[in-house]
file entry33.cif (mmCIF, C-alpha atoms)
data_input
#
loop_
_atom_site.label_atom_id
_atom_site.label_comp_id
_atom_site.auth_asym_id
_atom_site.auth_seq_id
_atom_site.Cartn_x
_atom_site.Cartn_y
_atom_site.Cartn_z
CA MET Y 389 -27.79 -83.80 41.16
CA ASP Y 390 -28.74 -83.84 44.87
CA HIS Y 391 -31.08 -81.14 46.22
CA PRO Y 392 -31.15 -78.90 43.13
CA GLN Y 393 -33.60 -76.58 44.88
CA LEU Y 394 -30.98 -75.52 47.45
CA VAL Y 395 -27.96 -73.72 46.00
CA ASN Y 396 -24.76 -73.81 48.07
CA GLY Y 397 -22.05 -71.16 48.14
CA LEU Y 398 -18.88 -72.01 46.19
CA SER Y 399 -15.76 -69.93 46.82
CA VAL Y 400 -12.08 -69.78 45.91
CA ASP Y 401 -9.58 -68.03 48.19
CA VAL Y 402 -7.14 -66.66 45.62
CA GLU Y 403 -3.60 -66.60 46.96
CA ASP Y 404 -0.36 -68.00 45.58
CA TRP Y 405 1.53 -70.98 46.95
CA PHE Y 406 3.97 -68.77 48.89
CA GLN Y 407 1.28 -66.64 50.58
CA VAL Y 408 -0.37 -69.27 52.74
CA GLY Y 409 -0.66 -69.17 56.50
CA ALA Y 410 1.27 -72.44 56.89
CA PHE Y 411 4.44 -70.78 55.56
CA GLU Y 412 4.07 -67.24 56.88
CA GLY Y 413 6.90 -67.81 59.36
CA VAL Y 414 9.44 -69.01 56.77
CA ILE Y 415 8.70 -67.00 53.60
CA GLU Y 416 9.20 -63.25 53.97
CA ARG Y 417 6.67 -60.98 52.28
CA ASP Y 418 9.54 -58.95 50.85
CA SER Y 419 10.58 -62.01 48.81
CA TRP Y 420 7.21 -62.66 47.16
CA ASP Y 421 8.00 -60.84 43.93
CA THR Y 422 11.11 -62.98 43.46
CA LEU Y 423 9.18 -66.28 43.61
CA GLY Y 424 7.57 -67.95 40.63
CA SER Y 425 3.87 -67.18 40.58
CA ARG Y 426 1.50 -70.05 39.77
CA VAL Y 427 -1.79 -68.43 40.72
CA GLU Y 428 -2.87 -67.49 37.20
CA ARG Y 429 -2.35 -70.92 35.65
CA ASN Y 430 -4.13 -72.56 38.58
CA CYS Y 431 -7.07 -70.14 38.34
CA ASP Y 432 -7.27 -70.83 34.60
CA SER Y 433 -7.72 -74.52 35.40
CA ILE Y 434 -10.40 -73.69 37.98
CA LEU Y 435 -12.26 -71.45 35.55
CA ALA Y 436 -12.22 -74.23 32.97
CA MET Y 437 -13.55 -76.70 35.55
CA PHE Y 438 -16.36 -74.34 36.53
CA ALA Y 439 -17.24 -73.65 32.90
CA ALA Y 440 -17.44 -77.36 32.11
CA ALA Y 441 -19.82 -77.87 35.05
CA ASP Y 442 -21.74 -74.64 34.33
CA VAL Y 443 -21.34 -73.31 37.88
CA LYS Y 444 -20.59 -69.83 39.17
CA ALA Y 445 -18.52 -69.02 42.23
CA THR Y 446 -16.95 -66.21 44.24
CA PHE Y 447 -13.21 -65.58 44.03
CA PHE Y 448 -12.03 -63.99 47.30
CA THR Y 449 -8.77 -62.48 46.07
CA LEU Y 450 -5.79 -60.82 47.69
CA GLY Y 451 -5.27 -57.23 46.61
CA TRP Y 452 -1.58 -58.08 46.13
CA VAL Y 453 -2.58 -60.68 43.52
CA ALA Y 454 -5.10 -58.40 41.82
CA GLN Y 455 -2.53 -55.66 41.40
CA ARG Y 456 -0.22 -58.04 39.51
CA HIS Y 457 -2.79 -60.11 37.59
CA GLY Y 458 -5.34 -57.65 36.25
CA ALA Y 459 -6.17 -59.74 33.19
CA LEU Y 460 -7.10 -62.67 35.43
CA MET Y 461 -9.39 -60.44 37.52
CA ARG Y 462 -11.19 -59.28 34.37
CA ARG Y 463 -11.48 -62.86 33.11
CA ILE Y 464 -13.08 -63.99 36.38
CA VAL Y 465 -15.71 -61.28 36.10
CA ALA Y 466 -16.24 -61.77 32.36
CA GLU Y 467 -17.05 -65.44 32.95
CA GLY Y 468 -19.85 -64.55 35.36
CA HIS Y 469 -18.14 -65.08 38.71
CA GLU Y 470 -18.06 -62.71 41.66
CA LEU Y 471 -14.80 -60.98 42.59
CA ALA Y 472 -14.47 -60.25 46.31
CA SER Y 473 -11.77 -59.22 48.79
CA HIS Y 474 -9.44 -61.48 50.76
CA GLY Y 475 -7.47 -58.59 52.23
CA TRP Y 476 -4.25 -57.15 50.88
CA ASP Y 477 -1.49 -59.66 51.69
CA HIS Y 478 -3.03 -62.38 53.86
CA ALA Y 479 -2.34 -60.68 57.19
CA ARG Y 480 -4.61 -62.06 59.90
CA VAL Y 481 -7.18 -59.63 61.24
CA PHE Y 482 -6.51 -60.37 64.92
CA ARG Y 483 -2.88 -59.28 64.43
CA MET Y 484 -3.91 -55.81 63.23
CA SER Y 485 -5.30 -52.74 64.96
CA ARG Y 486 -8.61 -51.31 63.81
CA GLU Y 487 -6.75 -48.62 61.87
CA GLU Y 488 -4.42 -51.12 60.21
CA PHE Y 489 -7.34 -53.32 59.26
CA ALA Y 490 -9.25 -50.40 57.76
CA ALA Y 491 -6.22 -49.48 55.63
CA ASP Y 492 -5.73 -53.11 54.56
CA VAL Y 493 -9.36 -53.50 53.49
CA GLU Y 494 -9.42 -50.19 51.63
CA ARG Y 495 -6.17 -50.94 49.80
CA SER Y 496 -7.35 -54.39 48.74
CA ARG Y 497 -10.74 -53.20 47.56
CA LYS Y 498 -9.21 -50.41 45.48
CA ALA Y 499 -6.76 -52.82 43.82
CA LEU Y 500 -9.57 -55.23 42.95
CA GLU Y 501 -11.88 -52.53 41.64
CA ASP Y 502 -9.12 -50.90 39.61
CA ALA Y 503 -8.16 -54.25 38.08
CA ALA Y 504 -11.64 -55.52 37.23
CA GLY Y 505 -13.79 -52.41 36.94
CA VAL Y 506 -16.53 -53.73 39.24
CA ALA Y 507 -17.69 -52.85 42.74
CA ILE Y 508 -16.41 -55.14 45.52
CA THR Y 509 -19.05 -55.90 48.15
CA GLY Y 510 -17.88 -59.20 49.72
CA TYR Y 511 -15.00 -59.89 52.10
CA ARG Y 512 -13.31 -62.96 53.57
CA ALA Y 513 -10.66 -62.56 56.25
CA PRO Y 514 -7.40 -64.44 55.69
CA SER Y 515 -7.44 -67.67 57.70
CA PHE Y 516 -10.99 -66.88 58.92
CA SER Y 517 -9.40 -64.46 61.38
CA ILE Y 518 -12.42 -62.43 62.48
CA ASP Y 519 -13.34 -63.67 65.95
CA GLN Y 520 -14.17 -62.55 69.48
CA ARG Y 521 -10.89 -60.56 69.61
CA THR Y 522 -11.91 -58.25 66.76
CA PRO Y 523 -15.36 -56.76 67.50
CA TRP Y 524 -14.38 -53.66 65.53
CA ALA Y 525 -13.79 -55.56 62.27
CA TYR Y 526 -17.45 -55.61 61.28
CA MET Y 527 -17.74 -51.89 61.99
CA VAL Y 528 -14.90 -51.26 59.54
CA LEU Y 529 -16.49 -53.45 56.87
CA ALA Y 530 -19.88 -51.75 57.29
CA GLU Y 531 -18.32 -48.28 57.21
CA GLN Y 532 -16.58 -49.17 53.94
CA GLY Y 533 -19.80 -50.35 52.31
CA PHE Y 534 -19.38 -54.11 52.27
CA VAL Y 535 -22.63 -56.07 51.99
CA TYR Y 536 -21.44 -59.36 53.44
CA SER Y 537 -18.51 -61.15 55.03
CA SER Y 538 -17.63 -64.85 55.09
CA SER Y 539 -14.84 -64.63 57.64
CA VAL Y 540 -15.81 -66.87 60.55
CA ALA Y 541 -15.06 -70.53 61.22
CA PRO Y 542 -17.36 -71.43 64.14
CA ILE Y 543 -15.04 -74.15 65.44
CA THR Y 544 -11.99 -74.58 67.65
CA HIS Y 545 -8.73 -74.79 65.70
CA ASP Y 546 -5.09 -74.13 66.54
CA HIS Y 547 -4.79 -71.40 63.87
CA TYR Y 548 -8.27 -69.84 63.92
CA GLY Y 549 -11.85 -70.30 65.02
CA TRP Y 550 -14.69 -68.64 66.91
CA ARG Y 551 -16.40 -71.55 68.62
CA GLU Y 552 -19.23 -69.49 70.10
CA ALA Y 553 -20.28 -67.92 66.78
CA PRO Y 554 -23.52 -69.07 65.12
CA ARG Y 555 -23.20 -71.85 62.56
CA PHE Y 556 -25.29 -69.97 60.02
CA ALA Y 557 -25.74 -66.41 58.79
CA PHE Y 558 -25.92 -63.65 61.38
CA LYS Y 559 -25.96 -59.85 61.54
CA PRO Y 560 -23.12 -58.75 63.83
CA LEU Y 561 -24.18 -55.08 64.03
CA PRO Y 562 -27.65 -53.89 65.11
CA TRP Y 563 -27.36 -50.73 63.02
CA SER Y 564 -26.12 -52.33 59.79
CA SER Y 565 -27.51 -54.75 57.20
CA LEU Y 566 -24.05 -56.36 56.90
CA VAL Y 567 -24.38 -60.15 57.12
CA GLU Y 568 -21.75 -62.69 58.16
CA ILE Y 569 -21.95 -66.12 56.51
CA PRO Y 570 -19.71 -68.59 58.38
CA VAL Y 571 -17.97 -71.42 56.60
CA THR Y 572 -19.85 -74.71 56.92
CA THR Y 573 -19.72 -76.98 59.94
CA ALA Y 574 -21.55 -80.24 60.55
CA HIS Y 575 -22.63 -81.61 63.90
CA PHE Y 576 -22.08 -85.06 65.35
CA ALA Y 577 -22.45 -86.32 68.92
CA GLY Y 578 -22.73 -82.78 70.26
CA ARG Y 579 -19.62 -81.56 68.46
CA ARG Y 580 -19.10 -79.16 65.59
CA LEU Y 581 -16.98 -80.52 62.78
CA ALA Y 582 -15.18 -78.39 60.18
CA ALA Y 583 -16.74 -79.35 56.85
CA GLY Y 584 -16.40 -76.35 54.56
CA GLY Y 585 -13.43 -77.33 52.43
CA GLY Y 586 -9.74 -76.52 52.36
CA GLY Y 587 -7.39 -78.99 53.98
CA PHE Y 588 -10.23 -80.91 55.60
CA PHE Y 589 -11.66 -81.68 52.16
CA ARG Y 590 -8.27 -82.79 50.80
CA VAL Y 591 -7.34 -85.00 53.73
CA LEU Y 592 -10.63 -86.64 54.67
CA PRO Y 593 -12.51 -89.14 52.49
CA TYR Y 594 -14.93 -87.60 50.00
CA GLY Y 595 -17.81 -89.35 51.75
CA PHE Y 596 -17.37 -87.11 54.80
CA SER Y 597 -17.98 -83.95 52.75
CA ARG Y 598 -20.97 -85.52 51.03
CA TRP Y 599 -22.46 -86.46 54.41
CA ALA Y 600 -21.79 -83.01 55.88
CA ILE Y 601 -23.28 -81.04 53.00
CA ARG Y 602 -26.31 -83.31 52.89
CA GLN Y 603 -26.78 -82.82 56.62
CA VAL Y 604 -26.71 -79.03 56.28
CA ASN Y 605 -29.03 -79.08 53.26
CA THR Y 606 -31.59 -81.63 54.49
CA GLU Y 607 -31.52 -81.44 58.31
CA ASP Y 608 -30.70 -77.77 58.82
CA HIS Y 609 -32.35 -76.70 55.54
CA ARG Y 610 -29.55 -74.23 54.89
CA PRO Y 611 -26.99 -73.83 52.11
CA ALA Y 612 -23.43 -75.01 52.69
CA VAL Y 613 -20.43 -72.71 52.20
CA PHE Y 614 -17.42 -74.38 50.61
CA TYR Y 615 -13.96 -72.96 49.87
CA PHE Y 616 -10.62 -74.02 48.44
CA HIS Y 617 -7.41 -72.43 47.13
CA PRO Y 618 -5.83 -72.44 43.65
CA TRP Y 619 -2.61 -73.98 44.98
CA GLU Y 620 -4.58 -76.99 46.23
CA ILE Y 621 -4.98 -78.32 42.68
CA ASP Y 622 -1.26 -77.89 41.90
CA PRO Y 623 0.85 -80.91 42.92
CA GLN Y 624 3.84 -79.54 40.93
CA GLN Y 625 4.22 -76.42 43.07
CA PRO Y 626 7.63 -75.80 44.70
CA ARG Y 627 8.32 -77.46 48.05
CA VAL Y 628 9.11 -75.11 50.92
CA THR Y 629 11.97 -75.97 53.24
CA GLY Y 630 12.21 -74.77 56.81
CA ALA Y 631 8.53 -75.17 57.69
CA SER Y 632 7.39 -77.54 60.42
CA LEU Y 633 6.36 -81.09 59.56
CA ARG Y 634 2.79 -80.24 60.60
CA SER Y 635 2.67 -77.23 58.28
CA LYS Y 636 4.07 -79.21 55.35
CA ALA Y 637 1.65 -82.07 55.98
CA ARG Y 638 -1.28 -79.67 56.03
CA HIS Y 639 -0.21 -77.97 52.83
CA TYR Y 640 0.94 -80.86 50.62
CA THR Y 641 -1.26 -83.83 51.59
CA ASN Y 642 -3.42 -85.12 48.72
CA LEU Y 643 -2.73 -82.27 46.28
CA GLY Y 644 -2.77 -84.82 43.48
CA VAL Y 645 -6.38 -85.89 44.12
CA MET Y 646 -7.89 -82.49 44.86
CA ALA Y 647 -9.02 -81.61 41.32
CA GLU Y 648 -10.82 -84.94 40.89
CA LYS Y 649 -12.59 -84.58 44.25
CA LEU Y 650 -13.62 -81.02 43.39
CA GLY Y 651 -15.05 -82.18 40.10
CA GLN Y 652 -17.17 -84.75 41.87
CA LEU Y 653 -18.35 -82.21 44.44
CA ILE Y 654 -19.48 -79.57 41.96
CA ARG Y 655 -21.33 -82.19 39.93
CA GLU Y 656 -23.10 -83.72 42.90
CA PHE Y 657 -24.52 -80.55 44.49
CA ALA Y 658 -25.89 -77.23 43.27
CA TRP Y 659 -23.52 -74.23 43.59
CA GLY Y 660 -23.58 -70.49 43.15
CA ARG Y 661 -21.95 -67.17 44.01
CA MET Y 662 -21.62 -65.95 47.57
CA ASP Y 663 -23.24 -62.56 46.88
CA VAL Y 664 -26.39 -64.28 45.65
CA LEU Y 665 -26.38 -66.56 48.69
CA ALA Y 666 -25.86 -63.52 50.97
CA LEU Y 667 -29.01 -61.85 49.66
CA ARG Y 668 -31.05 -64.94 50.52
CA GLU Y 669 -29.39 -65.58 53.86
CA ALA Y 670 -29.77 -61.96 55.01
CA GLU Y 671 -33.49 -62.59 55.39
CA ARG Y 672 -32.82 -65.46 57.81
CA ALA Y 673 -29.79 -64.06 59.62
CA VAL Y 674 -29.79 -64.05 63.39
CA GLU Y 675 -29.22 -60.59 64.86
CA LEU Y 676 -26.52 -60.41 67.53
CA ALA Y 677 -26.10 -57.75 70.16
CA ALA Y 678 -23.26 -55.32 69.58
#

call {"tool": "encode", "arguments": {"input": "entry33.cif", "output": "structure tokens"}}
result
Amino acid sequence: MDHPQLVNGLSVDVEDWFQVGAFEGVIERDSWDTLGSRVERNCDSILAMFAAADVKATFFTLGWVAQRHGALMRRIVAEGHELASHGWDHARVFRMSREEFAADVERSRKALEDAAGVAITGYRAPSFSIDQRTPWAYMVLAEQGFVYSSSVAPITHDHYGWREAPRFAFKPLPWSSLVEIPVTTAHFAGRRLAAGGGGFFRVLPYGFSRWAIRQVNTEDHRPAVFYFHPWEIDPQQPRVTGASLRSKARHYTNLGVMAEKLGQLIREFAWGRMDVLALREAERAVELAA
């Protein structure tokens, strides 16, 4: 295993195939309960993969999912993984007011805690949607007792991104110990490259992710933060009609090879829970002005 002394953060954004940002314009939220859920079977496969590799991870989970799959939430916790919040129903933070966001976060946390019987201290915004437009979001998270967030993608992207944010852990509030741990980026020729998982991991050759994580571990001497979704290991999921060609390409490309690539990744590097990583990174976090 490469660099066993440096443990990277492994995370799963738990949402079903019909709850993704790529299809939010063509699948109504009111229809979700009528669609065939596949999130539990996919998470079962992920839990088995993690158990076989003896790794622990953080499952950032929608409150909507937790409310309907309580046994899965308890199984995640029982197997030694962290359960954390991914918001209630995948609404992007920059489309909410401060009051709406506070209600969303509180509702999600309560559903997760009721389902699993554990305190929820970590948060990841749907589609990494905390950015320069939402300075109040961290205040809400701190007020509600969250210890860390992993909600920023410090890149430029057509759906999300906060290019000016630090690449590594920072404290967004001078009066709070809350720490933000951005998803991993690499650097090449003066540019930041998205390298923390998701669609980039599925579409690009495995060698790119290996290079990026090694760069972060050996040149920056920091842990990488990697994420993926349960639906990404499910090539048999239903196909959505009505979405744009770009959205369908982003969602469906290389689903059939994702599980194999994940297996290679978790064997090649050292991985752990995001809450454990947050405790370590808090000591090195850059403090930003309010």

call {"tool": "atom_distance", "arguments": {"input": "entry33.cif", "atom1": "CA of Asp432 in chain Y", "atom2": "CA of Ser537 in chain Y"}}
result
25.2 Å

call {"tool": "resolve_selection", "arguments": {"input": "entry33.cif", "expression": "the PyMOL selection byres ((chain Y and resi 618) around 12)", "output": "ChimeraX atom specification"}}
result
/Y:399-408,425-435,437,447-449,586,615-617,619-623,625,643,646-647,650

call {"tool": "closest_residue", "arguments": {"input": "entry33.cif", "among": "Y:Phe516, Y:Phe576, Y:Phe411, Y:Trp563", "to": "Pro542 in chain Y", "atoms": "only C-alpha atoms"}}
result
Y:Phe516

call {"tool": "resolve_selection", "arguments": {"input": "entry33.cif", "expression": "the PyMOL selection byres ((chain Y and resi 526-533) around 8)", "output": "ChimeraX atom specification"}}
result
/Y:486,489-490,493-494,509,523-525,534-535,560-561,564,566

call {"tool": "atom_distance", "arguments": {"input": "entry33.cif", "atom1": "CA of Asp608 in chain Y", "atom2": "CA of Thr572 in chain Y"}}
result
11.4 Å

call {"tool": "resolve_selection", "arguments": {"input": "entry33.cif", "expression": "the PyMOL selection byres ((chain Y and resi 603) around 12)", "output": "number ranges by chain"}}
result
Y: 390-391, 572-576, 581, 583, 596-602, 604-612

call {"tool": "axis_aligned_box", "arguments": {"input": "entry33.cif", "around": "range 472-476 of chain Y", "padding_each_side": "4 Å", "output": "lines of an AutoDock Vina configuration file"}}
result
center_x = -9.4
center_y = -59.3
center_z = 49.3
size_x = 18.2
size_y = 12.3
size_z = 13.9
